[in-house]
>>> print(open('query-v4.cif').read())   # mmCIF, C-alpha atoms and all ligand atoms
data_input
loop_
_atom_site.label_atom_id
_atom_site.label_comp_id
_atom_site.auth_asym_id
_atom_site.auth_seq_id
_atom_site.Cartn_x
_atom_site.Cartn_y
_atom_site.Cartn_z
CA MET A 4 13.33 35.48 3.13
CA SER A 5 16.48 33.58 2.23
CA ALA A 6 15.33 30.60 4.30
CA GLN A 7 12.19 30.55 2.17
CA ARG A 8 14.30 30.55 -0.99
CA LEU A 9 16.53 27.82 0.37
CA ALA A 10 13.47 25.71 1.18
CA GLU A 11 12.27 26.13 -2.40
CA LEU A 12 15.64 25.09 -3.79
CA ILE A 13 15.66 21.97 -1.61
CA ARG A 14 12.16 21.04 -2.72
CA LYS A 15 12.94 21.66 -6.38
CA HIS A 16 16.38 20.03 -6.60
CA GLN A 17 16.38 16.43 -5.42
CA PRO A 18 18.38 14.57 -4.33
CA CYS A 19 19.96 17.06 -1.94
CA VAL A 20 23.29 16.23 -0.31
CA VAL A 21 24.52 18.32 2.62
CA LEU A 22 28.16 19.13 3.25
CA THR A 23 29.01 20.40 6.73
CA GLY A 24 32.11 21.93 8.29
CA ALA A 25 33.13 23.29 11.67
CA GLY A 26 30.62 26.14 11.41
CA VAL A 27 27.69 23.77 11.94
CA SER A 28 29.04 22.86 15.38
CA THR A 29 30.14 26.27 16.65
CA GLU A 30 26.57 26.88 17.87
CA SER A 31 27.07 23.81 20.07
CA GLY A 32 30.03 25.55 21.68
CA ILE A 33 32.69 23.66 19.72
CA PRO A 34 35.28 26.11 18.42
CA ASP A 35 36.59 25.89 14.87
CA PHE A 36 40.19 24.82 15.32
CA ARG A 37 41.26 27.27 12.64
CA SER A 38 39.75 30.21 14.51
CA PRO A 39 42.17 32.46 16.39
CA THR A 40 40.44 31.93 19.75
CA GLY A 41 39.91 28.98 22.05
CA ILE A 42 42.06 26.03 23.02
CA TRP A 43 43.39 25.52 19.53
CA ALA A 44 45.04 28.92 19.48
CA GLN A 45 47.32 27.84 22.32
CA VAL A 46 48.58 24.55 20.95
CA ASP A 47 50.76 23.63 18.05
CA LEU A 48 48.55 21.27 16.05
CA MET A 49 51.52 19.47 14.58
CA GLU A 50 52.62 18.61 18.08
CA TYR A 51 49.26 17.15 19.13
CA ALA A 52 47.38 16.07 16.04
CA SER A 53 50.00 14.72 13.65
CA LEU A 54 50.87 11.10 13.03
CA THR A 55 54.55 11.83 13.64
CA ALA A 56 53.77 13.31 17.05
CA PHE A 57 51.56 10.36 17.92
CA ARG A 58 54.21 7.81 16.99
CA ALA A 59 56.85 9.73 18.94
CA ASP A 60 54.86 10.29 22.13
CA PRO A 61 51.27 8.97 22.17
CA GLU A 62 50.80 9.76 25.88
CA LYS A 63 51.56 13.41 25.22
CA VAL A 64 49.06 13.52 22.35
CA TRP A 65 46.43 11.97 24.64
CA SER A 66 47.13 14.53 27.36
CA PHE A 67 45.60 17.02 24.96
CA TYR A 68 43.21 14.77 23.06
CA ALA A 69 41.43 13.48 26.14
CA LEU A 70 40.38 17.06 26.92
CA ARG A 71 39.16 17.53 23.38
CA ILE A 72 37.09 14.35 23.51
CA GLU A 73 35.57 15.35 26.84
CA MET A 74 34.58 18.68 25.32
CA LEU A 75 33.05 17.05 22.23
CA THR A 76 31.11 14.40 24.13
CA GLY A 77 29.85 17.09 26.52
CA ALA A 78 28.45 19.21 23.66
CA GLU A 79 24.86 18.83 22.45
CA PRO A 80 23.51 18.90 18.88
CA ASN A 81 22.08 22.32 17.99
CA ASP A 82 19.16 23.47 15.83
CA ALA A 83 21.16 23.00 12.64
CA HIS A 84 21.91 19.32 13.42
CA HIS A 85 18.29 18.70 14.42
CA ALA A 86 16.92 20.44 11.31
CA LEU A 87 19.15 18.40 8.99
CA ALA A 88 18.04 15.17 10.69
CA GLU A 89 14.42 16.27 10.24
CA LEU A 90 15.00 17.02 6.54
CA GLU A 91 16.36 13.50 6.12
CA ARG A 92 13.25 12.06 7.81
CA LEU A 93 11.13 14.13 5.42
CA GLY A 94 12.98 12.54 2.51
CA LEU A 95 14.50 15.87 1.48
CA VAL A 96 18.13 15.18 2.41
CA GLN A 97 19.81 12.08 1.02
CA ALA A 98 22.98 12.19 3.10
CA ILE A 99 25.35 14.40 5.05
CA VAL A 100 29.03 14.54 4.27
CA THR A 101 30.88 16.07 7.22
CA GLN A 102 34.38 17.11 8.15
CA ASN A 103 33.38 17.10 11.78
CA ILE A 104 34.51 14.33 14.08
CA ASP A 105 32.09 15.24 16.90
CA LEU A 106 29.26 12.75 16.12
CA LEU A 107 26.66 15.50 16.56
CA HIS A 108 24.83 14.69 13.30
CA THR A 109 24.40 11.09 14.38
CA ARG A 110 23.38 12.10 17.89
CA ALA A 111 20.75 14.43 16.37
CA GLY A 112 19.26 11.46 14.50
CA SER A 113 20.80 11.69 11.02
CA ARG A 114 21.33 8.23 9.56
CA GLU A 115 23.31 8.71 6.36
CA VAL A 116 26.44 10.45 7.61
CA VAL A 117 29.77 10.22 5.79
CA GLU A 118 32.64 11.27 8.06
CA VAL A 119 35.51 12.23 5.77
CA HIS A 120 37.83 13.15 8.64
CA GLY A 121 36.89 10.16 10.78
CA SER A 122 35.29 10.49 14.20
CA ILE A 123 35.76 9.99 17.91
CA ARG A 124 33.49 6.90 17.82
CA THR A 125 36.40 4.45 17.81
CA ALA A 126 40.15 4.20 18.28
CA SER A 127 42.57 1.81 16.62
CA CYS A 128 45.79 0.07 17.47
CA LEU A 129 48.56 1.00 15.05
CA ALA A 130 50.47 -2.15 16.08
CA CYS A 131 47.86 -4.92 15.67
CA ARG A 132 45.02 -3.01 13.87
CA ARG A 133 42.44 -3.84 16.56
CA ARG A 134 39.60 -1.29 16.70
CA GLU A 135 37.80 -0.41 19.93
CA PRO A 136 34.86 1.83 20.83
CA LEU A 137 36.37 5.00 22.25
CA GLU A 138 34.65 4.97 25.63
CA GLU A 139 35.37 7.77 28.05
CA SER A 140 36.26 5.14 30.63
CA LEU A 141 39.39 4.38 28.58
CA LEU A 142 40.71 7.92 29.07
CA PRO A 143 43.13 9.48 29.74
CA VAL A 144 45.31 7.03 27.79
CA PRO A 145 43.38 4.25 25.96
CA ARG A 146 45.37 1.07 25.50
CA CYS A 147 44.90 -1.88 23.19
CA PRO A 148 43.33 -4.81 25.09
CA GLU A 149 45.22 -7.15 22.76
CA CYS A 150 48.80 -5.88 22.80
CA GLY A 151 48.89 -2.96 25.23
CA ALA A 152 49.94 -0.30 22.72
CA VAL A 153 48.37 3.15 23.02
CA LEU A 154 45.30 3.42 20.76
CA LYS A 155 44.97 6.24 18.23
CA PRO A 156 41.57 7.90 17.81
CA ASP A 157 40.07 7.16 14.37
CA VAL A 158 40.28 10.82 13.51
CA VAL A 159 42.39 11.87 10.55
CA PHE A 160 45.64 13.31 11.88
CA PHE A 161 48.00 15.52 9.91
CA GLY A 162 50.17 13.27 7.80
CA GLU A 163 47.45 10.63 7.38
CA LEU A 164 45.35 9.75 4.36
CA LEU A 165 41.62 10.39 4.48
CA PRO A 166 39.54 7.19 4.85
CA PRO A 167 39.21 5.96 1.22
CA ALA A 168 35.73 4.42 1.56
CA ALA A 169 34.31 7.65 3.01
CA ILE A 170 35.99 9.77 0.33
CA ASP A 171 34.71 7.54 -2.48
CA ARG A 172 31.20 7.69 -1.06
CA ALA A 173 31.40 11.48 -0.67
CA TYR A 174 32.39 11.93 -4.33
CA GLU A 175 29.68 9.56 -5.46
CA LEU A 176 27.08 11.53 -3.48
CA ALA A 177 28.42 14.84 -4.78
CA ARG A 178 28.20 13.68 -8.40
CA GLY A 179 24.64 12.43 -7.95
CA ALA A 180 23.36 15.49 -6.10
CA ALA A 181 20.88 17.82 -7.81
CA LEU A 182 21.61 20.23 -4.95
CA MET A 183 24.70 20.42 -2.78
CA LEU A 184 23.89 22.36 0.39
CA VAL A 185 27.01 23.57 2.17
CA VAL A 186 26.59 24.49 5.84
CA GLY A 187 29.28 26.05 8.00
CA SER A 188 32.32 25.69 5.81
CA ALA A 189 34.48 28.28 4.08
CA LEU A 190 35.30 25.54 1.54
CA GLU A 191 39.03 26.03 1.92
CA VAL A 192 40.17 22.57 2.94
CA TYR A 193 40.32 19.40 0.86
CA PRO A 194 38.04 17.50 0.28
CA VAL A 195 35.19 19.89 1.05
CA ALA A 196 36.65 22.42 -1.35
CA GLU A 197 36.38 19.87 -4.18
CA LEU A 198 33.02 18.22 -3.56
CA PRO A 199 30.75 21.16 -4.56
CA LEU A 200 32.77 21.51 -7.78
CA GLU A 201 32.04 17.85 -8.48
CA THR A 202 28.31 18.57 -8.09
CA LEU A 203 28.53 21.62 -10.37
CA ARG A 204 30.50 19.71 -13.01
CA ALA A 205 27.81 17.02 -13.03
CA GLY A 206 25.12 19.66 -13.64
CA GLY A 207 23.85 20.08 -10.07
CA SER A 208 23.29 23.31 -8.13
CA LEU A 209 24.97 24.76 -5.09
CA ALA A 210 23.55 26.56 -2.03
CA ILE A 211 25.65 27.83 0.88
CA VAL A 212 24.81 28.75 4.47
CA ASN A 213 27.89 30.25 6.08
CA ARG A 214 28.63 33.23 8.25
CA ALA A 215 31.54 34.44 6.12
CA PRO A 216 32.56 34.49 2.47
CA THR A 217 33.46 31.14 0.94
CA ALA A 218 35.62 30.23 -2.02
CA LEU A 219 32.53 29.32 -4.08
CA ASP A 220 30.05 32.11 -3.28
CA ASP A 221 30.00 33.24 -6.90
CA ARG A 222 29.12 29.72 -8.09
CA ALA A 223 26.20 29.32 -5.69
CA GLU A 224 22.58 29.74 -6.65
CA LEU A 225 21.96 31.00 -3.12
CA LYS A 226 24.29 32.20 -0.36
CA VAL A 227 22.83 32.77 3.10
CA ASP A 228 25.10 34.72 5.44
CA ALA A 229 23.37 33.91 8.73
CA SER A 230 23.19 31.49 11.63
CA ALA A 231 22.98 27.87 10.45
CA GLY A 232 20.65 26.90 13.30
CA GLU A 233 18.19 29.72 12.72
CA THR A 234 18.20 29.38 8.94
CA LEU A 235 17.70 25.62 8.88
CA ARG A 236 15.02 25.73 11.56
CA GLU A 237 13.09 28.11 9.31
CA VAL A 238 13.68 25.88 6.30
CA VAL A 239 12.16 22.94 8.17
CA SER A 240 9.15 24.98 9.22
CA VAL A 241 8.52 25.80 5.55
CA LEU A 242 8.94 22.21 4.34
CA ALA A 243 7.50 20.12 7.16
ZN ZN Y 1 47.11 -3.82 19.61
#
>>> encode(input="query-v4.cif", output="structure tokens")
Amino acid sequence: MSAQRLAELIRKHQPCVVLTGAGVSTESGIPDFRSPTGIWAQVDLMEYASLTAFRADPEKVWSFYALRIEMLTGAEPNDAHHALAELERLGLVQAIVTQNIDLLHTRAGSREVVEVHGSIRTASCLACRRREPLEESLLPVPRCPECGAVLKPDVVFFGELLPPAAIDRAYELARGAALMLVVGSALEVYPVAELPLETLRAGGSLAIVNRAPTALDDRAELKVDASAGETLREVVSVLA
């Protein structure tokens, strides 16, 4: 029923921009790092995912990060990723803005993906700025082929600015969206908390698919409290 309504909203309000958070990847077996279970519960994030920690002891950060990258590259896109890629092919999704660094949207076939927290696609040298593809063969401690320094994954660490080009693009998309479809985010963290407001301010509508309350439920035209994969698969079957 709600998938039917969501499909109607997507058809009626174009362009549609999708905003995804950790919840879109949990069905691929990737835990939300803010959830109280899983590997993240046992580590102090400031010790392993902050710029200060990386500068102080990059090998230590990699001892943890290499495991994370192995987990992410071992995961597969789920029904939600595939459905969103299909909606783009159908001309019904303009772009995806994601907080996720796992590359699963791209691997599912989505083309317009804006990664506001960076991704594990590449790593950069903080000393000489060289950027390298982050191949698994470089693990456990990737080093700069130019100067030998330890490379940092191009993922936004605590204490770092978000990539300005991606943020600008995300705001531009949000302002131009007739419908912002949020999937798998509680909308608590900047910038995802701000982008739907940008759409609403510009006169667009908001729809949310998330398995828990979000900060903007009362501003949404539709809130679906169900599995992202199941819901979006149904939406595609209505629209395809
Ligand atoms: Zn270097």
>>> atom_distance(input="query-v4.cif", atom1="atom CA of A:Arg178", atom2="atom CA of A:Gln102")
18.0 Å
>>> closest_atom_pairs(input="query-v4.cif", of="chain A", to="ligand ZN 1 (chain Y)", cutoff="6 Å", atoms="all atoms listed in the file", output="CSV")
residue,atom,partner,partner_atom,distance
A:Cys128,CA,Y:ZN1,ZN,4.6
A:Ala130,CA,Y:ZN1,ZN,5.2
A:Cys131,CA,Y:ZN1,ZN,4.2
A:Arg133,CA,Y:ZN1,ZN,5.6
A:Cys147,CA,Y:ZN1,ZN,4.6
A:Glu149,CA,Y:ZN1,ZN,5.0
A:Cys150,CA,Y:ZN1,ZN,4.2
A:Gly151,CA,Y:ZN1,ZN,6.0
A:Ala152,CA,Y:ZN1,ZN,5.5
>>> write_last_selection(input="query-v4.cif", atoms="C-alpha atoms", output="compact mmCIF listing (two decimals), in the frame of the given file")
# COMPACT_ATOMS: atom_id res chain seq x y z
CA CYS A 128 45.79 0.07 17.47
CA ALA A 130 50.47 -2.15 16.08
CA CYS A 131 47.86 -4.92 15.67
CA ARG A 133 42.44 -3.84 16.56
CA CYS A 147 44.90 -1.88 23.19
CA GLU A 149 45.22 -7.15 22.76
CA CYS A 150 48.80 -5.88 22.80
CA GLY A 151 48.89 -2.96 25.23
CA ALA A 152 49.94 -0.30 22.72
>>> closest_residue(input="query-v4.cif", among="A:Glu139, A:Asp228, A:Glu233, A:Glu91", to="A:Ile13", atoms="all atoms listed in the file")
A:Glu91
>>> closest_residue(input="query-v4.cif", among="A:Asp105, A:Glu175, A:Glu11, A:Glu30", to="A:Ala210", atoms="only C-alpha atoms")
A:Glu11
>>> atom_distance(input="query-v4.cif", atom1="atom CA of A:Ala59", atom2="atom CA of A:Pro34")
27.1 Å
>>> closest_residue(input="query-v4.cif", among="A:Ile104, A:Gly26, A:Leu54, A:Val212", to="A:Thr125", atoms="only C-alpha atoms")
A:Ile104
>>> closest_residue(input="query-v4.cif", among="A:Thr101, A:Asn213, A:Ser230, A:Gln17", to="A:Arg172", atoms="all atoms listed in the file")
A:Thr101
>>> atom_distance(input="query-v4.cif", atom1="atom CA of A:Arg146", atom2="atom CA of A:Gly32")
29.1 Å
>>> residues_around(input="query-v4.cif", residues="A:Arg214", least_positions_apart="2", cutoff="12 Å", atoms="all atoms listed in the file", output="PyMOL selection string")
chain A and resi 24-27+29-30+185-189+211-212+216-217+220+226-234
>>> residues_around(input="query-v4.cif", residues="A:Pro194", least_positions_apart="2", cutoff="10 Å", atoms="all atoms listed in the file", output="JSON list (two decimals) with C-alpha atoms, in the coordinates of the input")
[["chain", "number", "residue", "atom", "x", "y", "z"],
["A", 102, "GLN", "CA", 34.38, 17.11, 8.15],
["A", 119, "VAL", "CA", 35.51, 12.23, 5.77],
["A", 120, "HIS", "CA", 37.83, 13.15, 8.64],
["A", 165, "LEU", "CA", 41.62, 10.39, 4.48],
["A", 170, "ILE", "CA", 35.99, 9.77, 0.33],
["A", 173, "ALA", "CA", 31.40, 11.48, -0.67],
["A", 174, "TYR", "CA", 32.39, 11.93, -4.33],
["A", 190, "LEU", "CA", 35.30, 25.54, 1.54],
["A", 191, "GLU", "CA", 39.03, 26.03, 1.92],
["A", 192, "VAL", "CA", 40.17, 22.57, 2.94],
["A", 196, "ALA", "CA", 36.65, 22.42, -1.35],
["A", 197, "GLU", "CA", 36.38, 19.87, -4.18],
["A", 198, "LEU", "CA", 33.02, 18.22, -3.56],
["A", 199, "PRO", "CA", 30.75, 21.16, -4.56]]
>>> residues_around(input="query-v4.cif", residues="stretch 108-117 of chain A", least_positions_apart="3", cutoff="12 Å", atoms="only C-alpha atoms", output="ChimeraX atom specification")
/A:20-24,27-28,31,75-94,96-105,120-124,165-177
>>> write_last_selection(input="query-v4.cif", atoms="C-alpha atoms", output="JSON list (two decimals), in the frame of the given file")
[["chain", "number", "residue", "atom", "x", "y", "z"],
["A", 20, "VAL", "CA", 23.29, 16.23, -0.31],
["A", 21, "VAL", "CA", 24.52, 18.32, 2.62],
["A", 22, "LEU", "CA", 28.16, 19.13, 3.25],
["A", 23, "THR", "CA", 29.01, 20.40, 6.73],
["A", 24, "GLY", "CA", 32.11, 21.93, 8.29],
["A", 27, "VAL", "CA", 27.69, 23.77, 11.94],
["A", 28, "SER", "CA", 29.04, 22.86, 15.38],
["A", 31, "SER", "CA", 27.07, 23.81, 20.07],
["A", 75, "LEU", "CA", 33.05, 17.05, 22.23],
["A", 76, "THR", "CA", 31.11, 14.40, 24.13],
["A", 77, "GLY", "CA", 29.85, 17.09, 26.52],
["A", 78, "ALA", "CA", 28.45, 19.21, 23.66],
["A", 79, "GLU", "CA", 24.86, 18.83, 22.45],
["A", 80, "PRO", "CA", 23.51, 18.90, 18.88],
["A", 81, "ASN", "CA", 22.08, 22.32, 17.99],
["A", 82, "ASP", "CA", 19.16, 23.47, 15.83],
["A", 83, "ALA", "CA", 21.16, 23.00, 12.64],
["A", 84, "HIS", "CA", 21.91, 19.32, 13.42],
["A", 85, "HIS", "CA", 18.29, 18.70, 14.42],
["A", 86, "ALA", "CA", 16.92, 20.44, 11.31],
["A", 87, "LEU", "CA", 19.15, 18.40, 8.99],
["A", 88, "ALA", "CA", 18.04, 15.17, 10.69],
["A", 89, "GLU", "CA", 14.42, 16.27, 10.24],
["A", 90, "LEU", "CA", 15.00, 17.02, 6.54],
["A", 91, "GLU", "CA", 16.36, 13.50, 6.12],
["A", 92, "ARG", "CA", 13.25, 12.06, 7.81],
["A", 93, "LEU", "CA", 11.13, 14.13, 5.42],
["A", 94, "GLY", "CA", 12.98, 12.54, 2.51],
["A", 96, "VAL", "CA", 18.13, 15.18, 2.41],
["A", 97, "GLN", "CA", 19.81, 12.08, 1.02],
["A", 98, "ALA", "CA", 22.98, 12.19, 3.10],
["A", 99, "ILE", "CA", 25.35, 14.40, 5.05],
["A", 100, "VAL", "CA", 29.03, 14.54, 4.27],
["A", 101, "THR", "CA", 30.88, 16.07, 7.22],
["A", 102, "GLN", "CA", 34.38, 17.11, 8.15],
["A", 103, "ASN", "CA", 33.38, 17.10, 11.78],
["A", 104, "ILE", "CA", 34.51, 14.33, 14.08],
["A", 105, "ASP", "CA", 32.09, 15.24, 16.90],
["A", 120, "HIS", "CA", 37.83, 13.15, 8.64],
["A", 121, "GLY", "CA", 36.89, 10.16, 10.78],
["A", 122, "SER", "CA", 35.29, 10.49, 14.20],
["A", 123, "ILE", "CA", 35.76, 9.99, 17.91],
["A", 124, "ARG", "CA", 33.49, 6.90, 17.82],
["A", 165, "LEU", "CA", 41.62, 10.39, 4.48],
["A", 166, "PRO", "CA", 39.54, 7.19, 4.85],
["A", 167, "PRO", "CA", 39.21, 5.96, 1.22],
["A", 168, "ALA", "CA", 35.73, 4.42, 1.56],
["A", 169, "ALA", "CA", 34.31, 7.65, 3.01],
["A", 170, "ILE", "CA", 35.99, 9.77, 0.33],
["A", 171, "ASP", "CA", 34.71, 7.54, -2.48],
["A", 172, "ARG", "CA", 31.20, 7.69, -1.06],
["A", 173, "ALA", "CA", 31.40, 11.48, -0.67],
["A", 174, "TYR", "CA", 32.39, 11.93, -4.33],
["A", 175, "GLU", "CA", 29.68, 9.56, -5.46],
["A", 176, "LEU", "CA", 27.08, 11.53, -3.48],
["A", 177, "ALA", "CA", 28.42, 14.84, -4.78]]
>>> closest_residue(input="query-v4.cif", among="A:Pro18, A:Gly162, A:Pro145, A:Pro136", to="A:Leu184", atoms="all atoms listed in the file")
A:Pro18
>>> residues_around(input="query-v4.cif", residues="A:Ala56", least_positions_apart="3", cutoff="12 Å", atoms="all atoms listed in the file", output="list of chain:residue names")
A:Asp47, A:Leu48, A:Met49, A:Glu50, A:Tyr51, A:Ala52, A:Ser53, A:Ala59, A:Asp60, A:Pro61, A:Glu62, A:Lys63, A:Val64, A:Trp65, A:Phe67, A:Lys155, A:Phe160, A:Phe161, A:Gly162, A:Glu163
>>> write_last_selection(input="query-v4.cif", atoms="C-alpha atoms", output="CSV table (one decimal), in the frame of the given file")
chain,number,residue,atom,x,y,z
A,47,ASP,CA,50.8,23.6,18.0
A,48,LEU,CA,48.6,21.3,16.0
A,49,MET,CA,51.5,19.5,14.6
A,50,GLU,CA,52.6,18.6,18.1
A,51,TYR,CA,49.3,17.2,19.1
A,52,ALA,CA,47.4,16.1,16.0
A,53,SER,CA,50.0,14.7,13.6
A,59,ALA,CA,56.8,9.7,18.9
A,60,ASP,CA,54.9,10.3,22.1
A,61,PRO,CA,51.3,9.0,22.2
A,62,GLU,CA,50.8,9.8,25.9
A,63,LYS,CA,51.6,13.4,25.2
A,64,VAL,CA,49.1,13.5,22.4
A,65,TRP,CA,46.4,12.0,24.6
A,67,PHE,CA,45.6,17.0,25.0
A,155,LYS,CA,45.0,6.2,18.2
A,160,PHE,CA,45.6,13.3,11.9
A,161,PHE,CA,48.0,15.5,9.9
A,162,GLY,CA,50.2,13.3,7.8
A,163,GLU,CA,47.4,10.6,7.4
>>> closest_residue(input="query-v4.cif", among="A:Ala218, A:Leu12, A:Leu70, A:Met4", to="A:Val144", atoms="all atoms listed in the file")
A:Leu70
>>> residues_around(input="query-v4.cif", residues="A:Lys15", least_positions_apart="4", cutoff="10 Å", atoms="all atoms listed in the file", output="VMD selection string")
chain A and resid 9 to 11 19 95 181 to 182
